[in-house]
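Chemist: Dropping the structure in here first, questions after.
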Amino acid sequence: MADALHAEWTKLRTLASTFWLLLAAAVLTIAVGAAAAAAFRCQAGECAPAVTGADPAKISLTGIDLGQVVVALLAVLAIGGEYSTGMIRLTLAAMPRRLTALAAKAAAITGCVLAASAVAVLGSVLAGRLILPGHGLSQANGYQLLSLGNGPDLRATAGAVLYLALIALLAIGLTTAVRDSGVAIGAVLALLYLFPIVSSVVPDQTLSRRLEQIAPMTAGQYIEATTGVRALPLTPWQGLGVLVLWALGALLLGAAVLRLRDA
Amino acid sequence: MTTMTPYRSEVGPGRDGFAQLVHAEWTKFRTVRGWIIAMIVAILVSVGLGLLAPASDSSGCQTSGGGGPQSGAACGGAPSLLLGPGGEPVTDSFYFVHQPLVGDGSITVRVTSLTGPAGVVSSPDGNSFGSPGIQPWTKAGVIIKQNQNPGSAYAAMMVTHDHGVRMQWNYTGDTAGLSGAVGPANPRWLRLSRAGDVITGYDSADGTHWTQVGAVTLSGLPATVQAGLFTASPDYMVPHGVTAFHGPTQATAVFDHVTLSRAVGASGARGSWTGEYFGAGQGSGSDTGKYHQGGGQFTVNGSGDIAPVTAGHGGLADGAQLINNILIGTFAGLIAIAVVAALFITSEYRRKLIRITLAASPRRGRVLAAKAIVIAAVSFVAGVIGAAVALALGTKITDSRGNYMFPAPLMTEVRAVIGTGLLVAVAAVLILAVGAMVRRGAATIAIAVVVFVVPYFLSVTAVLPVGVDDWLLRVTPAAGYAIQGAYPEYAQVAAIYSAANGYYPLAPWIGFLVLCAWTALALAGAVYLLRRRDA
């Protein structure tokens with residue numbers, strides 16, 4: 001396993017695209033988060049938490065909505081690239097235990113994504129901490145300063161890093177199953193974005209809530225909530241658990257296909 | 001010595017016109033089974049997701065808190081909205097102090113105040129509200145109305161809380177008069193005069209210097225019409241996530257110097273005033289208004305609105321199914337189409353087929369044009385079929401479940417359906433052009449989702465601050481969704497004009513033009529790079 005991991009790590013690190021995609025994920029996440037924080041407005045006197053309903057952590061982490069696309073793309077390309085070039089045959093010839101190969105790949109990719117996500121998320125939270133108080137979400141108005149020493153903020157920050165890693169795992173599993181980068185990225189992004197778009201037009205509250213509970217993106221991002229947590233359809237960790245189930249399901253599907261089909 | 005004749009193929013030179021090129025690209029497209037399947041999937045998901053909203057809609061039999069009169073009355077029958085003379089859904093409810101006006105004549109009043117409780121509606125978290133206050137479009141003034149049927153033709157001169165003096169007619173017409181708020185120190189004189197079918201509105205600050213605000217023709221006005229004073233105050237609306245809270249408000253106006261004058265020779269004795277809550281729509285409830293007359297002064301307290309109804313949450317038609325909601329599957333269809341459009345060009349690079357393609361047709365720009373025509377045509381067909389089937393089935397399901405569609409003219413529905421085809425066709429060409437530049441399928445598809453789906457997602461899920469999301473739907477290629485917009489915005493009605501409510505920030509064809517501009521830009525870049533770079 002250590003050798004397999006080393007091999008996968010070498011493959012990943014020697015691809016020029018890996019570095020640029022990780023950098024893009026971090027920069028995009030921080031930039032969009034900072035822009036969302038800077039765009040926040042509330043009129044003087046209407047900035048109380050009960051009126052705005054604003055969640056400083058959630059606003060700072062808005063960039064995740066876009067950064068996850070790059071993370072998914074990185075994971076899809078890392079797996080799909082092997083299939084499009086035929087490299088996968090070499091990989092499996094060298095590592096006949098296919099599930100070990102998949103596990104090594106997943107570990108290497110997720111490791112990279114975790115590192116980039118930590119930078120992206122910490123950068124976003126720092127940007128929010130610096131920008132938001134100047135836009136009405138100040139301590140004077142009854143908001144806590146974003147801080148890792150604060151329980152919910154720490155949970156949101158750590159959870160957001162895990163969220164991005166789980167998105168990568170979901171993409172790895174799906175790509176292994178469909179074996180084509182194009183189809184895989186389409187499927188992953190459809191899975192992420194269609195749930196919230198569709199649930200926004202469903203008039204039935206029960207169904208709409210149910211859709212939010214099972215949506216990988218919506219439920220997974222409950223982990224970023226620090227206000228109004230009680231009103232969420234799931235607790236933050238349950239929400240992240242839903243995404244874990246999606247990622248596990250995708251990985252199992254990928255593993256089964258890898259095991260059973262010729263490469 | 002023998003001379004060798006070089007070998008010449010006996011096959012005559014093939015035709016190499018543009019039509020052949022398009023035919024070649026069509027052959028490439030239709031012989032890849034996966035792409036055909038993807039297009040069928042695009043149609044199926046467009047329809048399937050589109051039917052989710054109408055199929056799960058049980059609002060017809062719900063009594064939601066704070067809802068309009070429809071929420072209670074809707075269950076069990078086919079609820080319908082009141083339609084105005086122009087066919088658009090309207091609300092026609094106000095407190096009306098009136099008497100018949102026979103033949104030509106005019107009504108003149110002075111308004112000295114328009115007030116209401118200055119309540120604050122807040123706390124989107126909890127369920128408690130402050131008392132709903134006076135609204136920007138709270139209005140009072142004089143009105144001449146065709147008859148006492150709800151939805152009948154009218155013309156009115158009025159003062160409003162925030163928008164000065166207005167002349168409004170037949171629900172959708174609106175012209176500004178004097179600006180500034182009304183008050184005892186700042187009274188407003190209003191006059192409406194009827195001559196045949198033409199009603200002319202005047203305003204004045206002092207009762208001697210009059211300005212004509214507008215003259216409108218209400219065709220088919222009967223000889224006897226109802227003329228009088230009115231007060232109306234529209235429902236308040238508070239956005240709450242993707243829905244909204246709403247409920248009635250009240251306002252009180254004070255009138256004096258009331259003169260109803262008939263043309264010389266007109267028959268009929270001078271009538272007396274009748275005050276009643278009038279109409280259907282907003283503001284019904286226990287307290288629907290009252291009036292008091294004394295010392296030449298009329299105090300009229302009323303609720304409701306005389307205006308077009310807006311679509312979506314917070315409006316009177318909160319429970320109505322929207323065309324946009326049924327076309328929501330376009331997003332899913334577009335992702336499938338994006339995969340095909342991207343692979344249509346990028347797989348040529350992956351398989352090196354592009355070299356053969358360019359060897360066979362060295363004029364590279366024409367290759368791209370042929371590909372664009374094929375993918376656009378196929379996508380257009382898929383888009384139109386998906387939208388047409390979704391809309392037809394969606395309307396049927398809505399009716400069968402006892403709900404109702406927010407009405408739109410037939411031509412608007414046709415434009416939305418054909419527009420969906422145009423939208424996905426142009427989007428597919430844009431994605432093809434990006435694919436020609438990027439040459440990587442997965443990256444192209446990721447870009448496609450980011451520019452077409454993410455802006456709308458950010459807008460409907462209210463992730464971004466209000467205003468920023470509108471801006472995204474103006475400048476990104478996602479502006480093209482405006483072509484699905486089925487309902488007009490009204491400047492004289494305060495409502496939540498958001499994408500989630502079916503209102504796009506750009507007019508339908510303007511939004512589509514933004515998408516076309518992006519596509520033209522991408523095509524230019526693609527042709528430039530295709531010519532410059534080795535394949």
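Labels used: A, B, ... for chains in the order of the structure tokens, numbers from 1 for residues in each chain, and numbers from 1 for ligands as shown.
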For Gly186 in chain A, work out the shell of residues within 9 Å, counting only C-alpha atoms and skipping chain neighbours fewer than 4 positions away, then give it as a list in words.
Modeler: Ser181, Gly182, Ala190 and Leu191 of chain A; Ile335, Ala336, Ala338, Val339, Ala442, Ile445, Ala446 and Val449 of chain B
Chemist: If we count only C-alpha atoms and set the cut-off at 9 Å, which residues sit around Pro56 in chain A, ignoring sequence neighbours fewer than 3 positions away in its own chain? Please answer as a list in words.
Modeler: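 Listing them by chain and then by number gives Ala37, Ile59, Ser60, Leu61, Val125, Gly128, Arg129, Leu132, Leu137, Tyr143, Gln144, Leu145, Leu146, Ala225, Thr226 and Thr227 of chain A.
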Chemist: Write the selection just made, keeping C-alpha atoms, as a PDB file, in the first residue's frame?
Modeler:
ATOM      1  CA  ALA A  37     -18.234  39.491   2.306  1.00  0.00           C
ATOM      2  CA  ILE A  59     -20.944  34.362   4.045  1.00  0.00           C
ATOM      3  CA  SER A  60     -17.160  34.043   4.290  1.00  0.00           C
ATOM      4  CA  LEU A  61     -17.338  30.512   2.905  1.00  0.00           C
ATOM      5  CA  VAL A 125     -12.384  32.860   7.126  1.00  0.00           C
ATOM      6  CA  GLY A 128     -14.353  37.381   6.378  1.00  0.00           C
ATOM      7  CA  ARG A 129     -12.895  38.266   9.754  1.00  0.00           C
ATOM      8  CA  LEU A 132     -17.293  41.681   7.532  1.00  0.00           C
ATOM      9  CA  LEU A 137     -21.487  42.495  11.028  1.00  0.00           C
ATOM     10  CA  TYR A 143     -22.028  39.548  15.995  1.00  0.00           C
ATOM     11  CA  GLN A 144     -19.074  37.558  17.198  1.00  0.00           C
ATOM     12  CA  LEU A 145     -15.787  38.088  15.438  1.00  0.00           C
ATOM     13  CA  LEU A 146     -14.991  35.033  13.299  1.00  0.00           C
ATOM     14  CA  ALA A 225     -23.864  27.221   9.383  1.00  0.00           C
ATOM     15  CA  THR A 226     -23.226  29.001  12.677  1.00  0.00           C
ATOM     16  CA  THR A 227     -26.564  30.812  13.077  1.00  0.00           C
TER      17      THR A 227
END
Chemist: Could you list, as a PyMOL selection string, every residue within 12 Å of Ile356 in chain B, counting only C-alpha atoms and ignoring same-chain residues fewer than 6 positions away?
Modeler: chain B and resi 348-349+362+364+367+535
Chemist: Find the residues around Gly111 in chain A up to 12 Å (only C-alpha atoms counted), leave out those fewer than 3 positions away in its own chain, and share them as number ranges by chain.
Modeler: A: 5, 8-9, 12-13, 22, 71, 75, 103-108, 114-118, 161-162, 164-166, 168-169
Chemist: Write out as number ranges by chain every residue belonging to chain A that has an atom at most 8 Å from any atom of chain B, counting only C-alpha atoms.
Modeler: A: 36, 39-41, 50-53, 59, 62, 66, 69-70, 73, 76-77, 84, 181-186, 189-190, 193-194, 196-198, 200-204, 207, 228
Chemist: What would the file look like if the residues just selected were written as a PDB file, in the first residue's frame with C-alpha atoms?
Modeler:
ATOM      1  CA  ALA A  36     -19.351  38.042  -1.032  1.00  0.00           C
ATOM      2  CA  ALA A  39     -20.840  42.846  -1.090  1.00  0.00           C
ATOM      3  CA  PHE A  40     -22.763  42.378   2.138  1.00  0.00           C
ATOM      4  CA  ARG A  41     -24.878  45.415   2.977  1.00  0.00           C
ATOM      5  CA  ALA A  50     -32.389  38.965  14.207  1.00  0.00           C
ATOM      6  CA  VAL A  51     -33.067  41.330  11.299  1.00  0.00           C
ATOM      7  CA  THR A  52     -30.366  40.377   8.799  1.00  0.00           C
ATOM      8  CA  GLY A  53     -30.316  36.689   9.641  1.00  0.00           C
ATOM      9  CA  ILE A  59     -20.944  34.362   4.045  1.00  0.00           C
ATOM     10  CA  THR A  62     -19.512  31.441  -0.123  1.00  0.00           C
ATOM     11  CA  LEU A  66     -17.343  27.804  -6.826  1.00  0.00           C
ATOM     12  CA  VAL A  69     -16.012  22.910  -9.113  1.00  0.00           C
ATOM     13  CA  VAL A  70     -12.229  23.092  -9.386  1.00  0.00           C
ATOM     14  CA  LEU A  73     -12.399  18.852 -11.822  1.00  0.00           C
ATOM     15  CA  VAL A  76     -12.119  13.827 -12.222  1.00  0.00           C
ATOM     16  CA  LEU A  77      -9.047  14.582 -14.317  1.00  0.00           C
ATOM     17  CA  SER A  84      -8.317   8.548 -21.745  1.00  0.00           C
ATOM     18  CA  SER A 181     -13.795  12.685 -17.621  1.00  0.00           C
ATOM     19  CA  GLY A 182     -16.435  14.621 -19.545  1.00  0.00           C
ATOM     20  CA  VAL A 183     -19.380  12.524 -18.482  1.00  0.00           C
ATOM     21  CA  ALA A 184     -18.045  12.310 -14.927  1.00  0.00           C
ATOM     22  CA  ILE A 185     -17.665  16.053 -14.382  1.00  0.00           C
ATOM     23  CA  GLY A 186     -21.114  16.593 -15.889  1.00  0.00           C
ATOM     24  CA  LEU A 189     -21.772  18.972 -11.057  1.00  0.00           C
ATOM     25  CA  ALA A 190     -25.346  18.030 -11.960  1.00  0.00           C
ATOM     26  CA  TYR A 193     -26.230  21.988  -8.326  1.00  0.00           C
ATOM     27  CA  LEU A 194     -29.486  20.504  -9.589  1.00  0.00           C
ATOM     28  CA  PRO A 196     -30.890  23.074  -4.764  1.00  0.00           C
ATOM     29  CA  ILE A 197     -32.191  24.564  -8.026  1.00  0.00           C
ATOM     30  CA  VAL A 198     -35.016  22.057  -8.254  1.00  0.00           C
ATOM     31  CA  SER A 200     -36.226  26.008  -4.878  1.00  0.00           C
ATOM     32  CA  VAL A 201     -39.217  25.630  -7.205  1.00  0.00           C
ATOM     33  CA  VAL A 202     -40.899  22.721  -5.444  1.00  0.00           C
ATOM     34  CA  PRO A 203     -43.945  24.248  -3.741  1.00  0.00           C
ATOM     35  CA  ASP A 204     -44.502  21.357  -1.364  1.00  0.00           C
ATOM     36  CA  LEU A 207     -40.772  17.498  -0.404  1.00  0.00           C
ATOM     37  CA  GLY A 228     -30.071  29.456  12.786  1.00  0.00           C
TER      38      GLY A 228
END
Chemist: Hey, which of A:Asn141, A:Gln221, A:Thr157, A:Ser124 ends up closest to Val27 in chain A? Count only C-alpha atoms.
Modeler: A:Ser124
Chemist: When DSSP is applied to the backbone of this structure, which of range 294-365 of chain B are assigned strand (DSSP E)? Write them out as a PyMOL selection string.
Modeler: chain B and resi 294+297-302+306-308
Chemist: Run DSSP on the backbone and grab whatever in range 164-360 of chain B lands in helix (DSSP H, G or I); send it over as a PDB file with N, CA and C atoms, in the first residue's frame.
Modeler:
ATOM      1  N   ILE B 323     -44.607  29.344 -15.243  1.00  0.00           N
ATOM      2  CA  ILE B 323     -44.018  28.737 -16.433  1.00  0.00           C
ATOM      3  C   ILE B 323     -42.533  28.461 -16.192  1.00  0.00           C
ATOM      4  N   ASN B 324     -41.865  29.406 -15.536  1.00  0.00           N
ATOM      5  CA  ASN B 324     -40.429  29.244 -15.287  1.00  0.00           C
ATOM      6  C   ASN B 324     -40.138  28.017 -14.433  1.00  0.00           C
ATOM      7  N   ASN B 325     -41.025  27.746 -13.454  1.00  0.00           N
ATOM      8  CA  ASN B 325     -40.797  26.592 -12.592  1.00  0.00           C
ATOM      9  C   ASN B 325     -40.890  25.297 -13.379  1.00  0.00           C
ATOM     10  N   ILE B 326     -41.793  25.275 -14.358  1.00  0.00           N
ATOM     11  CA  ILE B 326     -41.952  24.061 -15.152  1.00  0.00           C
ATOM     12  C   ILE B 326     -40.781  23.910 -16.123  1.00  0.00           C
ATOM     13  N   LEU B 327     -40.155  25.032 -16.469  1.00  0.00           N
ATOM     14  CA  LEU B 327     -39.007  24.962 -17.384  1.00  0.00           C
ATOM     15  C   LEU B 327     -37.691  24.808 -16.625  1.00  0.00           C
ATOM     16  N   ILE B 328     -37.758  24.527 -15.315  1.00  0.00           N
ATOM     17  CA  ILE B 328     -36.541  24.461 -14.505  1.00  0.00           C
ATOM     18  C   ILE B 328     -35.649  23.298 -14.963  1.00  0.00           C
ATOM     19  N   GLY B 329     -36.261  22.278 -15.575  1.00  0.00           N
ATOM     20  CA  GLY B 329     -35.481  21.142 -16.056  1.00  0.00           C
ATOM     21  C   GLY B 329     -34.471  21.522 -17.121  1.00  0.00           C
ATOM     22  N   THR B 330     -34.623  22.727 -17.688  1.00  0.00           N
ATOM     23  CA  THR B 330     -33.670  23.201 -18.681  1.00  0.00           C
ATOM     24  C   THR B 330     -32.239  23.116 -18.154  1.00  0.00           C
ATOM     25  N   PHE B 331     -32.080  23.340 -16.836  1.00  0.00           N
ATOM     26  CA  PHE B 331     -30.737  23.310 -16.265  1.00  0.00           C
ATOM     27  C   PHE B 331     -30.126  21.921 -16.391  1.00  0.00           C
ATOM     28  N   ALA B 332     -30.938  20.910 -16.086  1.00  0.00           N
ATOM     29  CA  ALA B 332     -30.439  19.544 -16.181  1.00  0.00           C
ATOM     30  C   ALA B 332     -30.177  19.190 -17.644  1.00  0.00           C
ATOM     31  N   GLY B 333     -31.121  19.562 -18.513  1.00  0.00           N
ATOM     32  CA  GLY B 333     -30.948  19.290 -19.935  1.00  0.00           C
ATOM     33  C   GLY B 333     -29.699  19.965 -20.469  1.00  0.00           C
ATOM     34  N   LEU B 334     -29.471  21.175 -20.008  1.00  0.00           N
ATOM     35  CA  LEU B 334     -28.324  21.931 -20.503  1.00  0.00           C
ATOM     36  C   LEU B 334     -27.009  21.277 -20.082  1.00  0.00           C
ATOM     37  N   ILE B 335     -26.978  20.653 -18.901  1.00  0.00           N
ATOM     38  CA  ILE B 335     -25.738  19.989 -18.480  1.00  0.00           C
ATOM     39  C   ILE B 335     -25.453  18.805 -19.412  1.00  0.00           C
ATOM     40  N   ALA B 336     -26.507  18.043 -19.748  1.00  0.00           N
ATOM     41  CA  ALA B 336     -26.319  16.920 -20.672  1.00  0.00           C
ATOM     42  C   ALA B 336     -25.855  17.431 -22.041  1.00  0.00           C
ATOM     43  N   ILE B 337     -26.484  18.509 -22.498  1.00  0.00           N
ATOM     44  CA  ILE B 337     -26.119  19.076 -23.796  1.00  0.00           C
ATOM     45  C   ILE B 337     -24.682  19.617 -23.750  1.00  0.00           C
ATOM     46  N   ALA B 338     -24.307  20.183 -22.604  1.00  0.00           N
ATOM     47  CA  ALA B 338     -22.946  20.707 -22.459  1.00  0.00           C
ATOM     48  C   ALA B 338     -21.923  19.596 -22.610  1.00  0.00           C
ATOM     49  N   VAL B 339     -22.229  18.431 -22.025  1.00  0.00           N
ATOM     50  CA  VAL B 339     -21.300  17.303 -22.142  1.00  0.00           C
ATOM     51  C   VAL B 339     -21.126  16.932 -23.615  1.00  0.00           C
ATOM     52  N   VAL B 340     -22.254  16.844 -24.350  1.00  0.00           N
ATOM     53  CA  VAL B 340     -22.177  16.461 -25.765  1.00  0.00           C
ATOM     54  C   VAL B 340     -21.446  17.527 -26.567  1.00  0.00           C
ATOM     55  N   ALA B 341     -21.823  18.801 -26.357  1.00  0.00           N
ATOM     56  CA  ALA B 341     -21.215  19.877 -27.143  1.00  0.00           C
ATOM     57  C   ALA B 341     -19.715  19.945 -26.898  1.00  0.00           C
ATOM     58  N   ALA B 342     -19.320  19.750 -25.646  1.00  0.00           N
ATOM     59  CA  ALA B 342     -17.890  19.809 -25.327  1.00  0.00           C
ATOM     60  C   ALA B 342     -17.161  18.635 -25.976  1.00  0.00           C
ATOM     61  N   LEU B 343     -17.745  17.428 -25.841  1.00  0.00           N
ATOM     62  CA  LEU B 343     -17.064  16.246 -26.382  1.00  0.00           C
ATOM     63  C   LEU B 343     -17.083  16.253 -27.915  1.00  0.00           C
ATOM     64  N   PHE B 344     -18.060  16.913 -28.507  1.00  0.00           N
ATOM     65  CA  PHE B 344     -18.177  16.960 -29.970  1.00  0.00           C
ATOM     66  C   PHE B 344     -16.889  17.528 -30.578  1.00  0.00           C
ATOM     67  N   ILE B 345     -16.279  18.469 -29.866  1.00  0.00           N
ATOM     68  CA  ILE B 345     -15.024  19.013 -30.380  1.00  0.00           C
ATOM     69  C   ILE B 345     -13.809  18.425 -29.654  1.00  0.00           C
ATOM     70  N   THR B 346     -13.897  18.269 -28.328  1.00  0.00           N
ATOM     71  CA  THR B 346     -12.681  17.864 -27.612  1.00  0.00           C
ATOM     72  C   THR B 346     -12.310  16.408 -27.875  1.00  0.00           C
ATOM     73  N   SER B 347     -13.314  15.568 -28.183  1.00  0.00           N
ATOM     74  CA  SER B 347     -12.945  14.175 -28.449  1.00  0.00           C
ATOM     75  C   SER B 347     -12.171  14.070 -29.764  1.00  0.00           C
ATOM     76  N   GLU B 348     -12.346  15.047 -30.656  1.00  0.00           N
ATOM     77  CA  GLU B 348     -11.544  15.039 -31.889  1.00  0.00           C
ATOM     78  C   GLU B 348     -10.070  15.235 -31.556  1.00  0.00           C
ATOM     79  N   TYR B 349      -9.842  16.061 -30.536  1.00  0.00           N
ATOM     80  CA  TYR B 349      -8.453  16.276 -30.130  1.00  0.00           C
ATOM     81  C   TYR B 349      -7.900  15.052 -29.424  1.00  0.00           C
ATOM     82  N   ARG B 350      -8.760  14.432 -28.590  1.00  0.00           N
ATOM     83  CA  ARG B 350      -8.283  13.289 -27.831  1.00  0.00           C
ATOM     84  C   ARG B 350      -7.948  12.132 -28.754  1.00  0.00           C
ATOM     85  N   LEU B 353      -8.537  12.784 -34.243  1.00  0.00           N
ATOM     86  CA  LEU B 353      -9.367  12.838 -35.447  1.00  0.00           C
ATOM     87  C   LEU B 353      -9.318  14.221 -36.070  1.00  0.00           C
ATOM     88  N   ILE B 354      -9.002  15.221 -35.248  1.00  0.00           N
ATOM     89  CA  ILE B 354      -8.986  16.599 -35.730  1.00  0.00           C
ATOM     90  C   ILE B 354      -8.004  16.755 -36.891  1.00  0.00           C
ATOM     91  N   ARG B 355      -6.925  15.952 -36.882  1.00  0.00           N
ATOM     92  CA  ARG B 355      -5.940  16.085 -37.967  1.00  0.00           C
ATOM     93  C   ARG B 355      -6.532  15.638 -39.291  1.00  0.00           C
ATOM     94  N   ILE B 356      -7.297  14.550 -39.222  1.00  0.00           N
ATOM     95  CA  ILE B 356      -7.950  14.081 -40.452  1.00  0.00           C
ATOM     96  C   ILE B 356      -9.008  15.083 -40.887  1.00  0.00           C
ATOM     97  N   THR B 357      -9.759  15.556 -39.917  1.00  0.00           N
ATOM     98  CA  THR B 357     -10.802  16.538 -40.219  1.00  0.00           C
ATOM     99  C   THR B 357     -10.195  17.744 -40.922  1.00  0.00           C
ATOM    100  N   LEU B 358      -9.076  18.231 -40.388  1.00  0.00           N
ATOM    101  CA  LEU B 358      -8.482  19.446 -40.953  1.00  0.00           C
ATOM    102  C   LEU B 358      -7.739  19.154 -42.256  1.00  0.00           C
ATOM    103  N   ALA B 359      -7.261  17.907 -42.413  1.00  0.00           N
ATOM    104  CA  ALA B 359      -6.638  17.544 -43.684  1.00  0.00           C
ATOM    105  C   ALA B 359      -7.702  17.493 -44.776  1.00  0.00           C
ATOM    106  N   ALA B 360      -8.874  16.978 -44.418  1.00  0.00           N
ATOM    107  CA  ALA B 360      -9.953  16.862 -45.398  1.00  0.00           C
ATOM    108  C   ALA B 360     -10.568  18.225 -45.700  1.00  0.00           C
TER     109      ALA B 360
END
Chemist: So which one's closest to Ala256 in chain A, A:Gly123, A:Pro49, A:Pro133, A:Gly173? Using only C-alpha atoms, please.
Modeler: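 Among the listed residues, the smallest separation from Ala256 in chain A belongs to A:Gly173.
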Chemist: For Gln99 in chain B, which residue among B:Gly228, B:Gly312, B:Gly133, B:Gly480 is the nearest when counting only C-alpha atoms?
Modeler: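 The closest residue to Gln99 in chain B is B:Gly228.
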Chemist: Between A:Ala158, A:Ala57, A:Leu102, A:Ala255, which one has atoms that come closest to Met1 in chain A, using only C-alpha atoms?
Modeler: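 Of all the options, A:Leu102 lies closest to Met1 in chain A.
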